[in-house]
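**Q** Before we start, here is the structure in question, set down as structure tokens.
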Amino acid sequence: MKITFIGGGNMASAIIGGLIRKRWPRKAIRVVEVAPPARKRLEHELKVKTHVALDAATAKSDCLVLAVKPQQMREVARSLKPLLASQLVVTIAAGIRVADLSRWLGGYRRIVRVMPNTPALVHAGISGLYASAAVGAADRAAAGRILGAVGRVLWFTREEDLDAVTAISGSGPAYVFYFIEALERAARELGLAAEASHELAIATFAGAVKLAAQTDEPPKVLRGRVTSKGGTTERALNSMESDRVNDAIARAVKAAAERSRELGDELGKD
């Protein structure tokens with residue numbers, strides 16, 4: 001299957017790198033990227049063919065991956081519209097709904113929408129995917145293979161669920177980094193050196209996540225095993241409960257989902 005990436009930013013580069021790691025032939029991958037530095041980087045690091053502009057030749061692929069900024073999507077769709085034949089269109093532009101992209105493409109319906117996240121940059125991502133009933137099983141499988149090159153994939157039957165996906169996994173790495181920052185700060189305030197504070201926070205998060213991923217037990221059970229009656233962990237968790245940290249996190253994630261819906265409305269306006 002031949003793939004043309006329209007846009008060669010970090011996420012596109014990560015997906016391309018993942019495909020190559022999975023032995024996808026480089027000759028089957030092309031990238032349309034207007035910025036010379038990005039083209040040079042792609043050619044040097046990934047050894048793939050790049051193009052300055054989208055035209056009939058570069059659009060002649062089995063799959064077109066739209067990896068541009070959401071604000072650029074309408075203009076890209078305008079350029080792509082006369083070049084469409086039967087290609088699968090995969091969009092990884094946050095907030096752009098399938099119906100809006102389809103309208104900009106003149107009613108074209110062979111579209112898969114994807115919400116990836118930044119751990120894809122180290123091939124540890126998770127992507128939420130949605131496609132309408134007009135997209136067949138073969139196209140779904142192809143989109144799954146492409147995004148599977150940088151991590152796990154989850155399909156959703158309702159497009160509105162991608163707003164929640166955006167709030168959980170799309171924005172989620174920032175929440176993790178925020179908590180790591182807080183742990184580092186606390187460690188420094190307790191007198192530890194900055195380097196040790198950083199290493200302890202990172203290793204603790206990485207180890208806990210690995211443990212949670214390798215067991216079927218829910219986080220509540222795992223948390224209970226660390227929490228001895230009258231011990232240090234119980235004291236810390238009681239403090240968090242008193243400050244209603246759990247509720248604050250839930251409110252924050254819901255705010256992110258609300259903003260995702262708002263962005264979909266704003267970006268989809270004609």
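Here's how to read the names in the structure tokens: chain A, B, ... by the order shown, residue numbers from 1 in each chain, ligand numbers from 1 in the order shown.
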Name the residues of range 13-231 of chain A that fall into strand (DSSP E) according to DSSP on the backbone, using the chain letters and numbers of this document, as a PyMOL selection string.
**A** chain A and resi 29-32+49-51+63-66+88-91+111-115+125-131+151-156
**Q** Quick one: residues within 12 Å of Met11 in chain A, only C-alpha atoms counted, chain neighbours fewer than 5 positions away excluded, as a PyMOL selection string?
**A** chain A and resi 5-6+16-18+65-69+91-94+114-123+125+127+147+149-150
**Q** Range 12-260 of chain A: which residues are helix (DSSP H, G or I) by DSSP, as a ChimeraX atom specification?
**A** /A:12-21,26-28,36-46,70-83,98-104,118-122,137-148,161-170,172-189,194-213,219-226,232-242,245-260
**Q** Work out how far apart CA of Ser171 in chain A and CA of Arg261 in chain A are and give it in Å to one decimal.
**A** 13.8 Å
**Q** Looking at only C-alpha atoms, which of A:Asp265, A:Lys49, A:Trp104, A:Gly7 is the one that sits closest to Ala35 in chain A?
**A** A:Gly7
